[in-house]
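File shown: work_31.cif (mmCIF, N, CA and C atoms).
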data_target
#
loop_
_atom_site.group_PDB
_atom_site.id
_atom_site.type_symbol
_atom_site.label_atom_id
_atom_site.label_comp_id
_atom_site.auth_asym_id
_atom_site.auth_seq_id
_atom_site.Cartn_x
_atom_site.Cartn_y
_atom_site.Cartn_z
ATOM 1 N N MET J 1 6.762 -7.105 -0.300
ATOM 2 C CA MET J 1 6.577 -5.675 -0.441
ATOM 3 C C MET J 1 5.415 -5.453 -1.398
ATOM 4 N N ARG J 2 4.607 -4.468 -1.095
ATOM 5 C CA ARG J 2 3.431 -4.223 -1.916
ATOM 6 C C ARG J 2 3.120 -2.735 -1.912
ATOM 7 N N LEU J 3 2.847 -2.214 -3.077
ATOM 8 C CA LEU J 3 2.353 -0.848 -3.231
ATOM 9 C C LEU J 3 1.015 -0.940 -3.938
ATOM 10 N N MET J 4 0.029 -0.189 -3.441
ATOM 11 C CA MET J 4 -1.296 -0.265 -4.040
ATOM 12 C C MET J 4 -1.858 1.123 -4.275
ATOM 13 N N THR J 5 -2.730 1.204 -5.251
ATOM 14 C CA THR J 5 -3.550 2.398 -5.414
ATOM 15 C C THR J 5 -4.988 1.983 -5.157
ATOM 16 N N CYS J 6 -5.781 2.918 -4.717
ATOM 17 C CA CYS J 6 -7.145 2.583 -4.349
ATOM 18 C C CYS J 6 -8.043 3.781 -4.621
ATOM 19 N N GLY J 7 -9.205 3.553 -5.196
ATOM 20 C CA GLY J 7 -10.152 4.631 -5.446
ATOM 21 C C GLY J 7 -10.932 5.018 -4.200
ATOM 22 N N TYR J 8 -10.974 4.122 -3.243
ATOM 23 C CA TYR J 8 -11.668 4.377 -1.987
ATOM 24 C C TYR J 8 -10.641 4.730 -0.915
ATOM 25 N N ARG J 9 -11.135 5.170 0.231
ATOM 26 C CA ARG J 9 -10.224 5.341 1.358
ATOM 27 C C ARG J 9 -9.615 3.977 1.665
ATOM 28 N N PRO J 10 -8.335 3.919 2.045
ATOM 29 C CA PRO J 10 -7.679 2.621 2.276
ATOM 30 C C PRO J 10 -8.450 1.694 3.206
ATOM 31 N N GLU J 11 -9.072 2.236 4.240
ATOM 32 C CA GLU J 11 -9.797 1.384 5.189
ATOM 33 C C GLU J 11 -11.122 0.875 4.622
ATOM 34 N N LYS J 12 -11.489 1.309 3.426
ATOM 35 C CA LYS J 12 -12.731 0.853 2.806
ATOM 36 C C LYS J 12 -12.501 -0.048 1.600
ATOM 37 N N GLY J 13 -11.299 -0.508 1.391
ATOM 38 C CA GLY J 13 -11.054 -1.371 0.243
ATOM 39 C C GLY J 13 -9.755 -2.147 0.338
ATOM 40 N N CYS J 14 -8.687 -1.456 0.614
ATOM 41 C CA CYS J 14 -7.377 -2.103 0.643
ATOM 42 C C CYS J 14 -7.170 -2.928 1.902
ATOM 43 N N ASP J 15 -7.872 -2.596 2.951
ATOM 44 C CA ASP J 15 -7.662 -3.299 4.218
ATOM 45 C C ASP J 15 -7.981 -4.793 4.101
ATOM 46 N N LEU J 16 -9.003 -5.151 3.350
ATOM 47 C CA LEU J 16 -9.354 -6.561 3.196
ATOM 48 C C LEU J 16 -8.295 -7.305 2.393
ATOM 49 N N PHE J 17 -7.796 -6.656 1.348
ATOM 50 C CA PHE J 17 -6.736 -7.268 0.555
ATOM 51 C C PHE J 17 -5.480 -7.448 1.407
ATOM 52 N N GLU J 18 -5.151 -6.433 2.190
ATOM 53 C CA GLU J 18 -3.968 -6.513 3.043
ATOM 54 C C GLU J 18 -4.095 -7.635 4.077
ATOM 55 N N GLU J 19 -5.259 -7.782 4.678
ATOM 56 C CA GLU J 19 -5.451 -8.863 5.650
ATOM 57 C C GLU J 19 -5.278 -10.225 4.992
ATOM 58 N N GLY J 20 -5.796 -10.382 3.788
ATOM 59 C CA GLY J 20 -5.599 -11.634 3.061
ATOM 60 C C GLY J 20 -4.140 -11.898 2.778
ATOM 61 N N LEU J 21 -3.422 -10.865 2.409
ATOM 62 C CA LEU J 21 -1.995 -11.017 2.139
ATOM 63 C C LEU J 21 -1.221 -11.361 3.407
ATOM 64 N N ARG J 22 -1.577 -10.735 4.521
ATOM 65 C CA ARG J 22 -0.941 -11.067 5.805
ATOM 66 C C ARG J 22 -1.159 -12.542 6.147
ATOM 67 N N ARG J 23 -2.378 -13.010 5.964
ATOM 68 C CA ARG J 23 -2.679 -14.411 6.262
ATOM 69 C C ARG J 23 -1.915 -15.348 5.335
ATOM 70 N N TYR J 24 -1.863 -14.990 4.054
ATOM 71 C CA TYR J 24 -1.103 -15.807 3.096
ATOM 72 C C TYR J 24 0.361 -15.885 3.508
ATOM 73 N N CYS J 25 0.938 -14.764 3.868
ATOM 74 C CA CYS J 25 2.340 -14.756 4.291
ATOM 75 C C CYS J 25 2.543 -15.606 5.538
ATOM 76 N N ARG J 26 1.648 -15.460 6.492
ATOM 77 C CA ARG J 26 1.762 -16.249 7.723
ATOM 78 C C ARG J 26 1.663 -17.742 7.407
ATOM 79 N N HIS J 27 0.715 -18.111 6.573
ATOM 80 C CA HIS J 27 0.520 -19.512 6.197
ATOM 81 C C HIS J 27 1.723 -20.050 5.423
ATOM 82 N N SER J 28 2.291 -19.239 4.565
ATOM 83 C CA SER J 28 3.407 -19.663 3.714
ATOM 84 C C SER J 28 4.768 -19.421 4.347
ATOM 85 N N ARG J 29 4.747 -18.911 5.571
ATOM 86 C CA ARG J 29 5.981 -18.593 6.292
ATOM 87 C C ARG J 29 6.842 -17.590 5.536
ATOM 88 N N LEU J 30 6.166 -16.599 4.978
ATOM 89 C CA LEU J 30 6.840 -15.500 4.300
ATOM 90 C C LEU J 30 6.876 -14.297 5.233
ATOM 91 N N ARG J 31 7.812 -13.443 5.040
ATOM 92 C CA ARG J 31 7.946 -12.246 5.864
ATOM 93 C C ARG J 31 7.124 -11.116 5.248
ATOM 94 N N TYR J 32 6.170 -10.623 5.985
ATOM 95 C CA TYR J 32 5.350 -9.497 5.535
ATOM 96 C C TYR J 32 6.021 -8.213 5.992
ATOM 97 N N LEU J 33 6.387 -7.347 5.054
ATOM 98 C CA LEU J 33 7.119 -6.131 5.385
ATOM 99 C C LEU J 33 6.229 -4.906 5.505
ATOM 100 N N GLY J 34 5.013 -4.982 5.029
ATOM 101 C CA GLY J 34 4.119 -3.837 5.130
ATOM 102 C C GLY J 34 3.514 -3.464 3.795
ATOM 103 N N SER J 35 2.705 -2.432 3.830
ATOM 104 C CA SER J 35 2.068 -1.964 2.604
ATOM 105 C C SER J 35 1.974 -0.443 2.631
ATOM 106 N N HIS J 36 1.803 0.101 1.470
ATOM 107 C CA HIS J 36 1.650 1.545 1.317
ATOM 108 C C HIS J 36 0.521 1.773 0.328
ATOM 109 N N VAL J 37 -0.445 2.560 0.718
ATOM 110 C CA VAL J 37 -1.616 2.798 -0.123
ATOM 111 C C VAL J 37 -1.757 4.293 -0.380
ATOM 112 N N GLU J 38 -1.966 4.647 -1.620
ATOM 113 C CA GLU J 38 -2.284 6.017 -2.002
ATOM 114 C C GLU J 38 -3.597 5.995 -2.753
ATOM 115 N N ARG J 39 -4.456 6.900 -2.409
ATOM 116 C CA ARG J 39 -5.780 6.956 -3.025
ATOM 117 C C ARG J 39 -5.743 7.739 -4.330
ATOM 118 N N HIS J 40 -6.358 7.167 -5.347
ATOM 119 C CA HIS J 40 -6.529 7.851 -6.626
ATOM 120 C C HIS J 40 -7.975 8.329 -6.692
ATOM 121 N N LEU J 41 -8.171 9.619 -6.730
ATOM 122 C CA LEU J 41 -9.516 10.162 -6.605
ATOM 123 C C LEU J 41 -10.364 10.030 -7.866
ATOM 124 N N TRP J 42 -9.835 10.409 -9.000
ATOM 125 C CA TRP J 42 -10.632 10.386 -10.228
ATOM 126 C C TRP J 42 -9.747 10.088 -11.417
ATOM 127 N N TYR J 43 -10.355 9.588 -12.468
ATOM 128 C CA TYR J 43 -9.607 9.263 -13.681
ATOM 129 C C TYR J 43 -9.020 10.503 -14.338
ATOM 130 N N ASP J 44 -9.683 11.626 -14.213
ATOM 131 C CA ASP J 44 -9.212 12.832 -14.903
ATOM 132 C C ASP J 44 -8.295 13.688 -14.015
ATOM 133 N N THR J 45 -7.761 13.117 -12.955
ATOM 134 C CA THR J 45 -6.830 13.847 -12.089
ATOM 135 C C THR J 45 -5.454 13.212 -12.156
ATOM 136 N N VAL J 46 -4.462 13.995 -11.853
ATOM 137 C CA VAL J 46 -3.093 13.483 -11.785
ATOM 138 C C VAL J 46 -2.982 12.616 -10.537
ATOM 139 N N PHE J 47 -2.412 11.432 -10.699
ATOM 140 C CA PHE J 47 -2.309 10.539 -9.548
ATOM 141 C C PHE J 47 -1.113 10.872 -8.668
ATOM 142 N N MET J 48 0.080 10.892 -9.250
ATOM 143 C CA MET J 48 1.288 11.006 -8.441
ATOM 144 C C MET J 48 1.634 12.469 -8.199
ATOM 145 N N LEU J 49 1.078 13.001 -7.152
ATOM 146 C CA LEU J 49 1.358 14.366 -6.723
ATOM 147 C C LEU J 49 2.591 14.364 -5.824
ATOM 148 N N PRO J 50 3.235 15.510 -5.637
ATOM 149 C CA PRO J 50 4.467 15.551 -4.838
ATOM 150 C C PRO J 50 4.329 14.970 -3.426
ATOM 151 N N ASP J 51 3.224 15.203 -2.763
ATOM 152 C CA ASP J 51 3.071 14.656 -1.410
ATOM 153 C C ASP J 51 2.957 13.133 -1.430
ATOM 154 N N LYS J 52 2.271 12.585 -2.416
ATOM 155 C CA LYS J 52 2.175 11.133 -2.544
ATOM 156 C C LYS J 52 3.535 10.533 -2.875
ATOM 157 N N GLU J 53 4.258 11.203 -3.751
ATOM 158 C CA GLU J 53 5.587 10.720 -4.114
ATOM 159 C C GLU J 53 6.501 10.704 -2.897
ATOM 160 N N ALA J 54 6.454 11.743 -2.085
ATOM 161 C CA ALA J 54 7.298 11.813 -0.888
ATOM 162 C C ALA J 54 6.956 10.684 0.085
ATOM 163 N N ARG J 55 5.682 10.428 0.302
ATOM 164 C CA ARG J 55 5.282 9.334 1.205
ATOM 165 C C ARG J 55 5.698 7.974 0.653
ATOM 166 N N THR J 56 5.564 7.792 -0.654
ATOM 167 C CA THR J 56 5.928 6.528 -1.277
ATOM 168 C C THR J 56 7.425 6.295 -1.193
ATOM 169 N N ARG J 57 8.205 7.337 -1.437
ATOM 170 C CA ARG J 57 9.665 7.212 -1.324
ATOM 171 C C ARG J 57 10.084 6.909 0.114
ATOM 172 N N ALA J 58 9.451 7.553 1.064
ATOM 173 C CA ALA J 58 9.769 7.302 2.477
ATOM 174 C C ALA J 58 9.455 5.849 2.837
ATOM 175 N N PHE J 59 8.346 5.343 2.345
ATOM 176 C CA PHE J 59 7.987 3.947 2.597
ATOM 177 C C PHE J 59 9.028 3.009 1.981
ATOM 178 N N ALA J 60 9.440 3.284 0.761
ATOM 179 C CA ALA J 60 10.439 2.444 0.092
ATOM 180 C C ALA J 60 11.762 2.468 0.860
ATOM 181 N N ARG J 61 12.172 3.637 1.342
ATOM 182 C CA ARG J 61 13.404 3.710 2.133
ATOM 183 C C ARG J 61 13.287 2.890 3.416
ATOM 184 N N GLN J 62 12.123 2.969 4.039
ATOM 185 C CA GLN J 62 11.886 2.194 5.258
ATOM 186 C C GLN J 62 11.988 0.693 4.980
ATOM 187 N N LEU J 63 11.418 0.261 3.862
ATOM 188 C CA LEU J 63 11.508 -1.160 3.505
ATOM 189 C C LEU J 63 12.937 -1.595 3.281
ATOM 190 N N LEU J 64 13.707 -0.778 2.599
ATOM 191 C CA LEU J 64 15.104 -1.127 2.340
ATOM 192 C C LEU J 64 15.888 -1.277 3.627
ATOM 193 N N GLN J 65 15.570 -0.482 4.622
ATOM 194 C CA GLN J 65 16.248 -0.587 5.912
ATOM 195 C C GLN J 65 15.879 -1.875 6.634
ATOM 196 N N MET J 66 14.721 -2.421 6.346
ATOM 197 C CA MET J 66 14.280 -3.658 6.986
ATOM 198 C C MET J 66 14.946 -4.902 6.397
ATOM 199 N N LEU J 67 15.456 -4.779 5.184
ATOM 200 C CA LEU J 67 16.056 -5.947 4.504
ATOM 201 C C LEU J 67 17.436 -6.256 5.021
#
Write out the structure in this file as structure tokens.
Amino acid sequence: MRLMTCGYRPEKGCDLFEEGLRRYCRHSRLRYLGSHVERHLWYDTVFMLPDKEARTRAFARQLLQML
């Protein structure tokens, strides 16, 4: 399970990290359950807004159902 924050759009930064993690899991025979990425726009902004929190909680619930 992995949660990430990213200053860029997810497809411009987190995607490469996620692909590496998928390959590592496949090589190590680990179960990859997925990832959830929320973008952090600026240092002087609040990161965890209600919509981000709702998406993150939904992702966590989904993961728990997979276990």
Any chance you could work out the residue set of the PyMOL selection byres (((chain J and resi 39 and name CA) around 12) and name CA) here, as JSON, numbers by chain? {"J": [3, 4, 5, 6, 7, 8, 9, 10, 11, 12, 13, 14, 36, 37, 38, 40, 41, 42, 43, 45, 46, 47, 48, 49, 51, 52, 56]}
Step by step, work through what the PyMOL selection byres (((chain J and resi 30-33 and name CA) around 12) and name CA) selects in the shown file, and finish by giving those residues as a ChimeraX atom specification. /J:1-3,18-29,34-36,59-60,62-67
Determine which residues of chain J DSSP labels as strand (DSSP E or B) from the backbone of this structure, then write them out as number ranges by chain. J: 2-6, 35-39
DSSP says helix (DSSP H, G or I) for which residues of chain J? Put them as a PyMOL selection string? chain J and resi 10-12+14-28+50-66
Just the number, please: distance in Å from atom CA of Leu16 of chain J to atom C of Arg55 of chain J, one decimal.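 Separation between atom CA of Leu16 of chain J and atom C of Arg55 of chain J: 21.1 Å.
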Kindly reconstruct segment 31-48 of chain J with N, CA, C and O atoms and present the result as a compact mmCIF listing (two decimals), keeping the file's coordinate frame.
# COMPACT_ATOMS: atom_id res chain seq x y z
N ARG J 31 7.81 -13.44 5.04
CA ARG J 31 7.95 -12.25 5.86
C ARG J 31 7.12 -11.12 5.25
O ARG J 31 7.37 -10.70 4.13
N TYR J 32 6.17 -10.62 5.98
CA TYR J 32 5.35 -9.50 5.54
C TYR J 32 6.02 -8.21 5.99
O TYR J 32 6.22 -8.00 7.19
N LEU J 33 6.39 -7.35 5.05
CA LEU J 33 7.12 -6.13 5.38
C LEU J 33 6.23 -4.91 5.50
O LEU J 33 6.66 -3.88 6.00
N GLY J 34 5.01 -4.98 5.03
CA GLY J 34 4.12 -3.84 5.13
C GLY J 34 3.51 -3.46 3.80
O GLY J 34 3.79 -4.09 2.78
N SER J 35 2.70 -2.43 3.83
CA SER J 35 2.07 -1.96 2.60
C SER J 35 1.97 -0.44 2.63
O SER J 35 2.06 0.19 3.68
N HIS J 36 1.80 0.10 1.47
CA HIS J 36 1.65 1.54 1.32
C HIS J 36 0.52 1.77 0.33
O HIS J 36 0.52 1.21 -0.76
N VAL J 37 -0.44 2.56 0.72
CA VAL J 37 -1.62 2.80 -0.12
C VAL J 37 -1.76 4.29 -0.38
O VAL J 37 -1.66 5.10 0.53
N GLU J 38 -1.97 4.65 -1.62
CA GLU J 38 -2.28 6.02 -2.00
C GLU J 38 -3.60 6.00 -2.75
O GLU J 38 -3.81 5.16 -3.62
N ARG J 39 -4.46 6.90 -2.41
CA ARG J 39 -5.78 6.96 -3.02
C ARG J 39 -5.74 7.74 -4.33
O ARG J 39 -5.17 8.82 -4.41
N HIS J 40 -6.36 7.17 -5.35
CA HIS J 40 -6.53 7.85 -6.63
C HIS J 40 -7.98 8.33 -6.69
O HIS J 40 -8.90 7.53 -6.73
N LEU J 41 -8.17 9.62 -6.73
CA LEU J 41 -9.52 10.16 -6.60
C LEU J 41 -10.36 10.03 -7.87
O LEU J 41 -11.51 9.62 -7.79
N TRP J 42 -9.84 10.41 -9.00
CA TRP J 42 -10.63 10.39 -10.23
C TRP J 42 -9.75 10.09 -11.42
O TRP J 42 -8.56 10.33 -11.41
N TYR J 43 -10.36 9.59 -12.47
CA TYR J 43 -9.61 9.26 -13.68
C TYR J 43 -9.02 10.50 -14.34
O TYR J 43 -7.98 10.44 -14.96
N ASP J 44 -9.68 11.63 -14.21
CA ASP J 44 -9.21 12.83 -14.90
C ASP J 44 -8.30 13.69 -14.02
O ASP J 44 -8.08 14.86 -14.31
N THR J 45 -7.76 13.12 -12.96
CA THR J 45 -6.83 13.85 -12.09
C THR J 45 -5.45 13.21 -12.16
O THR J 45 -5.31 12.02 -12.47
N VAL J 46 -4.46 14.00 -11.85
CA VAL J 46 -3.09 13.48 -11.78
C VAL J 46 -2.98 12.62 -10.54
O VAL J 46 -3.42 13.01 -9.46
N PHE J 47 -2.41 11.43 -10.70
CA PHE J 47 -2.31 10.54 -9.55
C PHE J 47 -1.11 10.87 -8.67
O PHE J 47 -1.23 11.07 -7.47
N MET J 48 0.08 10.89 -9.25
CA MET J 48 1.29 11.01 -8.44
C MET J 48 1.63 12.47 -8.20
O MET J 48 2.39 13.09 -8.93
